[in-house]
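Novice: File start_12.cif below, mmCIF, C-alpha atoms:
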```
data_final
loop_
_atom_site.label_atom_id
_atom_site.label_comp_id
_atom_site.auth_asym_id
_atom_site.auth_seq_id
_atom_site.Cartn_x
_atom_site.Cartn_y
_atom_site.Cartn_z
CA MET A 1 -22.96 7.96 6.40
CA LYS A 2 -24.61 7.58 3.01
CA PRO A 3 -27.87 5.67 2.83
CA MET A 4 -27.10 2.21 1.55
CA GLN A 5 -30.33 1.78 -0.36
CA GLU A 6 -29.49 4.48 -2.85
CA THR A 7 -26.29 2.81 -3.94
CA LEU A 8 -27.94 -0.53 -4.25
CA VAL A 9 -31.13 0.42 -5.98
CA ALA A 10 -29.60 2.98 -8.29
CA GLY A 11 -26.32 1.16 -8.98
CA ASP A 12 -26.12 -1.14 -11.99
CA SER A 13 -24.17 -3.70 -10.09
CA GLY A 14 -26.87 -3.75 -7.44
CA ASN A 15 -29.49 -4.51 -10.02
CA ALA A 16 -27.32 -7.12 -11.62
CA TYR A 17 -27.44 -9.17 -8.45
CA ARG A 18 -31.18 -9.02 -7.89
CA GLY A 19 -31.13 -12.68 -8.71
CA VAL A 20 -28.56 -14.85 -7.02
CA CYS A 21 -26.53 -13.43 -4.18
CA PRO A 22 -22.88 -12.71 -5.15
CA CYS A 23 -21.69 -14.38 -1.93
CA CYS A 24 -22.27 -17.80 -3.52
CA SER A 25 -24.71 -18.94 -0.86
CA GLY A 26 -27.05 -20.03 -3.63
CA LEU A 27 -29.78 -17.91 -2.05
CA PRO A 28 -31.57 -15.01 -3.70
CA PHE A 29 -29.74 -11.70 -3.14
CA ASP A 30 -32.89 -10.23 -1.61
CA ALA A 31 -33.03 -13.01 0.97
CA CYS A 32 -29.29 -13.16 1.66
CA CYS A 33 -26.85 -10.25 1.77
CA ARG A 34 -29.06 -7.46 0.52
CA PRO A 35 -30.95 -6.82 3.77
CA ILE A 36 -27.64 -6.83 5.64
CA LEU A 37 -26.14 -4.28 3.26
CA GLU A 38 -29.23 -2.21 3.87
CA GLY A 39 -28.69 -2.14 7.60
CA LYS A 40 -30.14 -5.31 9.09
CA PRO A 41 -27.58 -6.82 11.48
CA ALA A 42 -26.00 -10.00 10.16
CA PRO A 43 -27.41 -12.93 12.14
CA THR A 44 -24.09 -14.76 12.23
CA ALA A 45 -20.43 -13.91 11.81
CA GLU A 46 -20.41 -16.06 8.68
CA ALA A 47 -23.30 -14.04 7.27
CA GLN A 48 -21.25 -10.92 7.99
CA VAL A 49 -18.25 -12.28 6.07
CA ARG A 50 -20.58 -13.04 3.19
CA SER A 51 -22.18 -9.61 3.28
CA ARG A 52 -18.79 -7.88 3.36
CA TYR A 53 -17.71 -9.87 0.31
CA THR A 54 -20.97 -8.98 -1.41
CA ALA A 55 -20.42 -5.32 -0.52
CA PHE A 56 -17.25 -5.42 -2.63
CA ALA A 57 -19.05 -7.18 -5.47
CA VAL A 58 -21.86 -4.61 -5.59
CA LYS A 59 -19.58 -1.66 -4.71
CA SER A 60 -21.38 -0.77 -1.52
CA LEU A 61 -18.36 -0.20 0.67
CA ASP A 62 -20.03 1.81 3.42
CA HIS A 63 -21.02 -1.59 4.78
CA VAL A 64 -17.42 -2.80 4.85
CA GLU A 65 -16.28 0.38 6.54
CA ASN A 66 -19.06 0.34 9.11
CA THR A 67 -18.48 -3.27 10.09
CA HIS A 68 -14.87 -2.69 11.11
CA ALA A 69 -14.37 -2.81 14.88
CA PRO A 70 -14.20 0.80 16.10
CA GLU A 71 -10.54 0.59 17.13
CA ILE A 72 -9.45 -0.24 13.57
CA ARG A 73 -12.09 1.61 11.56
CA ALA A 74 -9.72 4.47 10.69
CA ASP A 75 -7.22 1.89 9.39
CA PHE A 76 -9.57 1.03 6.56
CA ASN A 77 -8.08 2.30 3.30
CA ARG A 78 -11.38 3.12 1.71
CA ALA A 79 -9.77 4.59 -1.42
CA GLU A 80 -7.91 1.36 -2.08
CA ALA A 81 -11.00 -0.72 -1.36
CA GLU A 82 -13.06 1.35 -3.80
CA ARG A 83 -10.43 0.76 -6.44
CA LEU A 84 -10.30 -2.96 -5.69
CA ALA A 85 -14.08 -3.22 -5.87
CA GLU A 86 -14.05 -1.50 -9.22
CA GLU A 87 -11.11 -3.32 -10.79
CA CYS A 88 -11.96 -6.85 -9.75
CA GLU A 89 -14.53 -9.36 -10.81
CA TRP A 90 -15.71 -11.02 -7.64
CA GLU A 91 -15.95 -14.59 -8.77
CA ASN A 92 -16.29 -16.73 -5.74
CA LEU A 93 -16.41 -16.89 -1.96
CA ARG A 94 -16.09 -20.13 -0.05
CA ILE A 95 -16.46 -20.42 3.69
CA HIS A 96 -14.38 -23.27 5.04
CA GLN A 97 -15.09 -23.02 8.68
CA ALA A 98 -17.12 -20.75 10.88
CA VAL A 99 -16.66 -21.01 14.62
CA GLU A 100 -18.71 -18.76 16.87
CA GLU A 101 -18.17 -18.71 20.60
CA GLY A 102 -20.37 -16.26 22.38
CA ASP A 103 -19.52 -12.83 21.04
CA THR A 104 -16.37 -13.82 19.16
CA ALA A 105 -15.95 -15.77 15.96
CA GLU A 106 -13.31 -17.03 13.59
CA ILE A 107 -14.15 -17.58 9.95
CA GLU A 108 -11.94 -19.27 7.39
CA PHE A 109 -12.62 -18.25 3.83
CA VAL A 110 -11.24 -18.34 0.31
CA ILE A 111 -11.95 -15.57 -2.17
CA ASN A 112 -11.41 -15.80 -5.91
CA VAL A 113 -11.22 -12.53 -7.78
CA ARG A 114 -10.14 -11.72 -11.28
CA ARG A 115 -8.04 -8.60 -11.82
CA ASN A 116 -6.91 -7.63 -15.32
CA GLY A 117 -7.83 -11.13 -16.39
CA GLY A 118 -5.57 -12.82 -13.81
CA LEU A 119 -7.05 -14.96 -11.06
CA ILE A 120 -6.16 -13.95 -7.51
CA ILE A 121 -6.89 -16.36 -4.68
CA LYS A 122 -6.96 -15.04 -1.13
CA ALA A 123 -7.39 -17.40 1.75
CA GLY A 124 -7.69 -16.10 5.26
CA ARG A 125 -8.93 -16.52 8.76
CA SER A 126 -10.74 -13.49 10.11
CA ARG A 127 -11.72 -12.69 13.65
CA PHE A 128 -15.02 -11.02 14.43
CA ARG A 129 -16.52 -9.62 17.62
CA ARG A 130 -20.18 -9.00 18.34
CA GLU A 131 -21.04 -5.60 19.74
CA ALA A 132 -24.57 -4.34 20.24
CA GLY A 133 -25.86 -7.12 18.01
CA GLN A 134 -23.48 -6.29 15.15
CA TRP A 135 -20.68 -8.63 14.06
CA LEU A 136 -17.55 -6.49 13.60
CA PHE A 137 -14.36 -7.33 11.76
CA VAL A 138 -11.36 -7.36 14.10
CA SER A 139 -8.40 -8.84 12.24
CA THR A 140 -7.37 -11.27 9.55
CA LYS A 141 -4.51 -13.66 8.94
CA PRO A 142 -3.58 -15.37 5.70
CA ALA A 143 -4.40 -19.07 5.48
CA PRO A 144 -2.50 -20.22 2.41
CA HIS A 145 -3.10 -23.88 3.21
CA LEU A 146 -6.75 -23.32 2.33
CA GLU A 147 -6.13 -22.05 -1.18
CA HIS A 148 -6.33 -25.50 -2.67
CA ALA A 149 -8.78 -27.01 -0.24
CA GLN A 150 -12.27 -28.03 -1.26
CA SER A 151 -15.17 -25.83 -0.38
CA THR A 152 -17.75 -26.80 2.17
CA LYS A 153 -21.10 -27.43 0.55
CA ILE A 154 -24.38 -26.65 2.23
CA ASN A 155 -26.07 -29.96 2.74
CA ARG A 156 -29.84 -30.23 3.14
CA ASN A 157 -29.54 -30.93 6.84
CA ASP A 158 -26.92 -28.23 7.56
CA PRO A 159 -27.96 -25.04 9.33
CA CYS A 160 -29.19 -22.51 6.80
CA PRO A 161 -26.48 -19.91 6.00
CA CYS A 162 -29.05 -17.15 6.49
CA GLY A 163 -28.61 -17.72 10.22
CA SER A 164 -32.25 -18.59 11.00
CA GLY A 165 -31.17 -21.60 13.00
CA LYS A 166 -33.38 -23.82 10.86
CA LYS A 167 -32.08 -26.58 8.66
CA HIS A 168 -31.24 -25.45 5.16
CA LYS A 169 -33.90 -27.74 3.66
CA LYS A 170 -36.57 -26.20 5.91
CA CYS A 171 -35.50 -22.64 5.22
CA HIS A 172 -33.93 -21.05 2.14
CA GLY A 173 -33.06 -24.48 0.78
CA ALA A 174 -36.74 -25.39 0.63
CA ALA A 175 -37.26 -23.81 -2.78
CA ALA A 176 -34.18 -25.51 -4.21
CA ASP A 177 -35.35 -28.79 -2.70
CA GLY A 178 -38.78 -28.57 -4.21
CA SER A 179 -37.65 -27.74 -7.71
CA MET B 180 41.27 7.10 -2.07
CA ASN B 181 41.86 8.54 1.41
CA GLY B 182 43.01 11.95 0.19
CA PRO B 183 40.57 14.84 -0.11
CA LEU B 184 37.95 14.43 -2.82
CA ARG B 185 36.66 17.35 -4.82
CA PHE B 186 33.23 17.93 -6.23
CA LEU B 187 31.31 20.66 -8.04
CA CYS B 188 27.92 20.31 -9.65
CA THR B 189 28.00 21.62 -13.22
CA ALA B 190 24.22 21.53 -13.60
CA CYS B 191 24.42 18.98 -16.41
CA GLY B 192 21.01 17.65 -15.35
CA LYS B 193 22.09 14.04 -15.83
CA CYS B 194 21.29 12.94 -12.28
CA CYS B 195 17.84 14.56 -12.50
CA HIS B 196 16.24 11.46 -14.04
CA GLY B 197 14.27 8.53 -12.76
CA GLN B 198 13.23 7.67 -9.21
CA LEU B 199 13.93 10.33 -6.63
CA PRO B 200 14.01 9.32 -2.95
CA LEU B 201 12.42 11.98 -0.78
CA THR B 202 11.91 12.78 2.85
CA LEU B 203 8.29 12.59 3.98
CA LYS B 204 8.31 16.36 4.41
CA ASP B 205 9.47 16.94 0.83
CA ALA B 206 7.09 14.32 -0.56
CA PHE B 207 4.07 16.06 0.96
CA ALA B 208 5.39 19.50 0.01
CA TYR B 209 5.70 18.39 -3.63
CA ALA B 210 2.55 16.28 -3.90
CA GLY B 211 1.54 18.57 -6.75
CA LEU B 212 4.71 17.85 -8.72
CA PHE B 213 5.93 14.27 -8.24
CA PRO B 214 3.97 11.04 -8.66
CA LEU B 215 4.44 9.60 -5.18
CA CYS B 216 4.66 6.15 -3.67
CA MET B 217 6.50 4.33 -0.93
CA ILE B 218 9.39 2.09 -1.89
CA TRP B 219 10.50 -0.68 0.43
CA THR B 220 14.07 -1.86 -0.07
CA PRO B 221 15.33 -4.78 1.98
CA VAL B 222 18.90 -4.33 3.22
CA GLN B 223 20.95 -7.46 3.86
CA ARG B 224 22.44 -8.08 7.23
CA GLY B 225 26.21 -7.72 6.87
CA SER B 226 25.96 -5.28 3.98
CA ARG B 227 27.69 -1.91 4.19
CA ASP B 228 24.41 -0.01 4.61
CA PHE B 229 22.82 -2.32 7.16
CA ARG B 230 23.58 -0.13 10.16
CA MET B 231 21.99 2.94 8.56
CA ALA B 232 19.02 0.89 7.41
CA ARG B 233 18.45 -0.28 10.95
CA GLU B 234 18.56 3.31 12.15
CA LEU B 235 16.43 4.92 9.45
CA GLY B 236 14.32 1.96 8.30
CA VAL B 237 12.08 -0.65 9.84
CA ALA B 238 12.42 -4.17 11.16
CA VAL B 239 10.15 -6.71 9.50
CA PRO B 240 9.52 -9.92 11.43
CA LEU B 241 9.71 -13.12 9.43
CA THR B 242 8.43 -16.53 10.39
CA GLY B 243 10.54 -18.49 12.84
CA GLY B 244 11.50 -15.46 14.90
CA ARG B 245 13.86 -14.10 12.27
CA GLU B 246 13.78 -10.52 11.15
CA MET B 247 14.81 -8.48 8.17
CA VAL B 248 15.46 -4.79 7.78
CA SER B 249 13.94 -2.62 5.10
CA LEU B 250 14.11 1.01 4.12
CA ILE B 251 10.79 2.66 3.36
CA VAL B 252 11.39 5.65 1.16
CA PRO B 253 8.79 8.12 -0.07
CA THR B 254 9.69 8.36 -3.73
CA SER B 255 9.00 10.35 -6.85
CA PHE B 256 8.21 7.29 -8.91
CA ILE B 257 9.19 7.98 -12.51
CA PRO B 258 10.81 5.77 -15.14
CA SER B 259 14.61 5.94 -15.27
CA THR B 260 14.46 7.45 -18.75
CA TYR B 261 12.19 10.31 -17.65
CA PRO B 262 13.53 13.68 -16.53
CA CYS B 263 12.48 15.18 -13.22
CA PRO B 264 9.31 17.21 -13.79
CA ALA B 265 11.09 20.23 -12.28
CA LEU B 266 13.88 20.13 -14.85
CA VAL B 267 13.88 23.08 -17.24
CA ASP B 268 15.50 22.72 -20.67
CA GLY B 269 17.06 19.45 -19.58
CA LYS B 270 19.58 21.13 -17.32
CA MET B 271 18.31 23.70 -14.87
CA CYS B 272 16.23 23.03 -11.80
CA GLY B 273 12.97 24.94 -11.90
CA ILE B 274 12.68 24.86 -8.09
CA HIS B 275 16.36 25.27 -7.28
CA ARG B 276 16.03 27.31 -4.07
CA GLU B 277 13.26 25.14 -2.69
CA LYS B 278 14.31 21.83 -4.15
CA PRO B 279 14.01 18.65 -2.07
CA SER B 280 16.75 18.03 0.48
CA ARG B 281 17.71 14.90 -1.50
CA CYS B 282 18.70 17.11 -4.46
CA LYS B 283 20.48 19.65 -2.29
CA ALA B 284 22.55 16.96 -0.58
CA MET B 285 23.77 15.39 -3.83
CA PRO B 286 26.13 13.69 -4.45
CA PHE B 287 26.05 12.34 -0.90
CA TYR B 288 23.58 9.68 0.09
CA PRO B 289 22.02 9.59 3.56
CA TYR B 290 21.30 5.86 3.69
CA THR B 291 25.04 5.16 3.62
CA GLU B 292 27.26 5.96 6.59
CA GLU B 293 29.39 9.08 6.27
CA ARG B 294 32.66 7.10 6.24
CA TYR B 295 31.55 5.19 3.13
CA GLN B 296 30.54 8.17 0.96
CA ALA B 297 33.67 8.33 -1.22
CA GLY B 298 32.15 6.23 -4.00
CA TYR B 299 29.33 8.72 -4.54
CA LEU B 300 31.85 11.41 -5.53
CA ARG B 301 32.85 9.49 -8.64
CA PRO B 302 30.57 10.71 -11.43
CA ARG B 303 28.50 7.96 -12.99
CA GLN B 304 28.92 7.31 -16.68
CA GLY B 305 27.76 10.29 -18.71
CA TRP B 306 27.50 12.64 -15.74
CA GLU B 307 29.47 15.86 -16.01
CA CYS B 308 30.28 16.51 -12.35
CA ASP B 309 33.52 18.46 -11.89
CA VAL B 310 35.87 16.45 -9.68
CA SER B 311 39.03 18.16 -10.90
CA GLU B 312 41.55 20.16 -8.86
CA ALA B 313 39.47 23.24 -9.69
CA ALA B 314 36.52 21.95 -7.69
CA PRO B 315 36.25 22.53 -3.93
CA ILE B 316 37.09 19.79 -1.46
CA ALA B 317 33.85 18.04 -0.56
CA TYR B 318 35.04 14.98 1.36
CA ASP B 319 38.20 14.57 3.39
CA GLY B 320 39.39 11.94 5.82
CA LYS B 321 36.07 10.08 5.47
CA ARG B 322 34.22 13.21 6.58
CA ILE B 323 31.88 15.32 4.50
CA VAL B 324 33.29 18.86 4.32
CA LEU B 325 30.40 20.71 2.71
CA ARG B 326 27.88 19.10 4.98
CA ASP B 327 24.96 21.41 5.77
CA ASP B 328 22.56 19.83 3.30
CA PHE B 329 23.67 16.31 4.19
CA ASP B 330 22.92 16.99 7.85
CA ILE B 331 19.55 18.58 7.11
CA GLU B 332 18.41 15.58 5.09
CA LYS B 333 19.75 13.11 7.63
CA ASN B 334 17.97 14.90 10.47
CA ASP B 335 14.70 14.91 8.56
CA LEU B 336 15.10 11.19 7.92
CA ARG B 337 15.78 10.57 11.61
CA ASP B 338 12.76 12.63 12.63
CA GLN B 339 10.42 10.68 10.38
CA VAL B 340 11.44 7.24 11.67
CA PRO B 341 8.54 6.93 14.16
CA VAL B 342 6.06 7.74 11.39
CA LEU B 343 7.58 5.14 9.09
CA ARG B 344 7.59 2.53 11.84
CA GLY B 345 3.92 3.19 12.51
CA TYR B 346 3.27 2.87 8.80
CA ALA B 347 5.17 -0.41 8.65
CA GLU B 348 3.16 -1.76 11.57
CA HIS B 349 -0.05 -0.89 9.75
CA MET B 350 1.11 -2.47 6.51
CA LEU B 351 2.30 -5.64 8.20
CA LYS B 352 -1.05 -5.95 9.90
CA TYR B 353 -3.15 -5.43 6.80
CA SER B 354 -0.86 -6.84 4.08
CA PRO B 355 0.15 -10.09 5.70
CA THR B 356 2.01 -11.23 2.57
CA LEU B 357 4.35 -8.24 2.71
CA PRO B 358 7.18 -9.96 4.66
CA GLU B 359 7.21 -12.80 2.15
CA ARG B 360 7.29 -10.36 -0.78
CA LEU B 361 10.11 -8.41 0.85
CA TRP B 362 12.00 -11.61 1.43
CA GLN B 363 11.61 -12.56 -2.24
CA ALA B 364 12.73 -9.06 -3.24
CA SER B 365 15.82 -9.38 -1.05
CA LEU B 366 16.85 -12.52 -2.95
CA GLN B 367 16.96 -10.68 -6.27
CA GLU B 368 20.48 -10.05 -7.42
CA LYS B 369 20.08 -6.38 -8.26
CA GLY B 370 18.19 -5.53 -5.10
CA GLY B 371 14.45 -5.85 -5.34
CA GLN B 372 11.87 -3.31 -4.28
CA ILE B 373 8.30 -3.43 -3.11
CA VAL B 374 6.07 -0.53 -4.04
CA THR B 375 3.19 0.58 -1.80
CA SER B 376 0.75 3.39 -2.33
CA LEU B 377 0.50 6.91 -1.01
CA SER B 378 -3.10 6.14 -0.07
CA SER B 379 -1.88 3.49 2.36
CA LEU B 380 0.51 5.97 3.98
CA LEU B 381 -2.14 8.68 4.28
CA THR B 382 -4.57 6.16 5.78
CA ALA B 383 -2.09 4.58 8.17
CA THR B 384 -0.85 7.91 9.49
CA ARG B 385 -4.36 9.43 9.65
CA HIS B 386 -2.90 12.36 7.76
CA PRO B 387 -5.06 15.39 8.55
CA GLU B 388 -4.50 16.84 5.07
CA ALA B 389 -5.06 13.60 3.19
CA ALA B 390 -7.80 15.03 0.99
CA GLU B 391 -5.75 18.08 0.11
CA ILE B 392 -2.64 16.03 -0.70
CA ALA B 393 -4.75 13.63 -2.75
CA SER B 394 -6.24 16.44 -4.80
CA LYS B 395 -2.71 17.66 -5.58
CA GLN B 396 -1.58 14.14 -6.54
CA LEU B 397 -4.51 13.39 -8.78
CA PRO B 398 -3.59 15.63 -11.76
CA VAL B 399 0.07 14.56 -11.46
CA LEU B 400 -0.84 10.88 -11.65
CA ASN B 401 -3.28 11.47 -14.49
CA ALA B 402 -0.59 13.31 -16.44
CA TYR B 403 1.94 10.50 -15.94
CA ALA B 404 -0.69 7.89 -16.80
CA ALA B 405 -1.31 9.74 -20.07
CA LYS B 406 2.41 10.15 -20.78
CA THR B 407 3.16 6.46 -20.29
CA SER B 408 0.09 5.10 -22.03
CA GLY B 409 0.81 3.02 -25.10
CA ASP B 410 4.48 2.43 -24.26
CA PRO B 411 4.82 -1.31 -23.68
CA LYS B 412 8.12 -0.80 -21.83
CA LEU B 413 6.36 1.43 -19.32
CA SER B 414 3.14 -0.54 -18.93
CA ASP B 415 3.91 -1.28 -15.28
CA PHE B 416 4.34 2.41 -14.57
CA HIS B 417 1.15 3.17 -16.45
CA ALA B 418 -0.79 0.62 -14.40
CA TYR B 419 0.55 2.09 -11.15
CA TYR B 420 -0.31 5.66 -12.14
CA SER B 421 -3.83 4.91 -13.28
CA GLY B 422 -4.58 2.73 -10.26
CA TRP B 423 -3.26 5.28 -7.79
CA ALA B 424 -5.18 8.02 -9.58
CA LYS B 425 -8.41 6.18 -8.76
CA GLU B 426 -7.40 6.06 -5.10
CA MET B 427 -6.48 9.74 -5.04
CA GLU B 428 -9.72 10.62 -6.78
CA TYR B 429 -11.65 8.93 -3.99
CA MET B 430 -9.43 10.35 -1.25
CA SER B 431 -9.66 13.88 -2.55
CA HIS B 432 -13.43 13.80 -1.96
CA ALA B 433 -13.37 11.89 1.30
CA ILE B 434 -14.56 13.65 4.42
CA PRO B 435 -11.93 13.35 7.12
CA ARG B 436 -12.87 10.64 9.59
CA GLY B 437 -13.58 11.46 13.16
CA ILE B 438 -15.23 14.79 12.35
#
```
Taking this structure as input, can you express it in the form of structure tokens?
Specialist:
Amino acid sequence: MKPMQETLVAGDSGNAYRGVCPCCSGLPFDACCRPILEGKPAPTAEAQVRSRYTAFAVKSLDHVENTHAPEIRADFNRAEAERLAEECEWENLRIHQAVEEGDTAEIEFVINVRRNGGLIIKAGRSRFRREAGQWLFVSTKPAPHLEHAQSTKINRNDPCPCGSGKKHKKCHGAAADGS
Amino acid sequence: MNGPLRFLCTACGKCCHGQLPLTLKDAFAYAGLFPLCMIWTPVQRGSRDFRMARELGVAVPLTGGREMVSLIVPTSFIPSTYPCPALVDGKMCGIHREKPSRCKAMPFYPYTEERYQAGYLRPRQGWECDVSEAAPIAYDGKRIVLRDDFDIEKNDLRDQVPVLRGYAEHMLKYSPTLPERLWQASLQEKGGQIVTSLSSLLTATRHPEAAEIASKQLPVLNAYAAKTSGDPKLSDFHAYYSGWAKEMEYMSHAIPRGI
């Protein structure tokens, strides 16, 4: 396994996202997906979906590979993923629903990417399983009905997407609130 | 039409152009020669070739409990106007003795039942096959007479069925839109195709020599990408070649998993 930090610190795309996190949480990259890409376990399954999306955006695909459930890890077509990461502009991720029950979770999401100028919209529902504190990707199904649905916004009183358990306004939303 | 049919190849080289369906064995053996991909061709229920497709291909479940059948054929993916890369001086095969079983079994076609092969003995327009009285009898009473190569190819295709079914299972799991795309392809009048990558096959089958095969493919794909660049008619081919080259580049350096 390659150290994640190298890719992120040395890579241009890593530097480009020092500001806002590519996962569209509205949080700073350093306070959102970056620590997860660098090895900190994602606090929630939703945070893991976000970090896996960000891994594509910053071309740090070790994270995507390592967060596959062990029984499907060898199914991951890393070569294709590398190509996808390189060829696409990762425009937008929206989480529609995140349901965690104990050590399993289902997350509905919509991804917008641009490839050769054309917009591609992928909507899906992914299953995750928590093992030794790590949320692992298990499977995904398309969810075409979500492609045109509205995104869920983080309201001030919603739980913070960083997974702290605090309200957004008391946590990472505090800065945005104050300004 | 039921009398004996004669056939002799005159080495005119005319059939050595465009896409070449291969067995998996031949595809891997010639990874350093042909630009490879997997071509999925839906076969309609009730069509002449449906029975063979069900035997040699895969079943694809559709919504509502229905099912369609598709061939998955490892293919040398070159434009129909391009000669086979093994063709020398436009006529002679540069790998004649070791050529793929598909080429050896010409003009017969393994994805059609033996009793329906007569049509393949009629040369296509511009081909110079000898079907005169001077040529040997190749097909008689709906049976192939000169059949060794036909049987070899057919057996190889039968042997690879489990691998293709495993591959299909993988693809259906990870490309959930595939059944819909195949369905759309099946509605096209001239028979649609879906193209999937060699990288997906090597991944799905956990091919132990993936890196080696990828390093053989890479220069082939780069050469075809260069050849097709700037030709607007071949822009789709160009995009495939250059995209797959990126995948092969990565795969050729990848350390095999599980080691």
Novice: Taking the file as shown, what set of residues would the PyMOL selection byres ((chain A) within 9 of (chain B)) give back, as a list in words?
Specialist: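 When the PyMOL selection byres ((chain A) within 9 of (chain B)) is applied, the selected residues are Ala74, Asp75, Phe76, Asn77, Arg78, Ala79, Glu80, Ala81, Glu82, Arg83, Glu87, Ser139, Thr140, Lys141 and Pro142 of chain A.
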Novice: Using the chain letters and numbering of this document, enumerate as a ChimeraX atom specification the residues selected by the PyMOL selection byres ((chain B and resi 417) around 12).
Specialist: /B:214,256-258,400-416,418-424
Novice: Could you tell me how far atom CA of A:Arg127 sits from atom CA of A:Glu106, in Å to one decimal place?
Specialist: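 So the two atoms, atom CA of A:Glu106 and atom CA of A:Arg127, lie 4.6 Å apart.
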Novice: Hey, what comes out of the PyMOL selection byres ((chain B and resi 200) around 7) on this file? Could you write it as a PyMOL selection string?
Specialist: chain B and resi 198-199+201+252-255+281
Novice: So how far away is atom CA of A:Ala45 from atom CA of A:Phe128, in Å?
Specialist: 6.7 Å
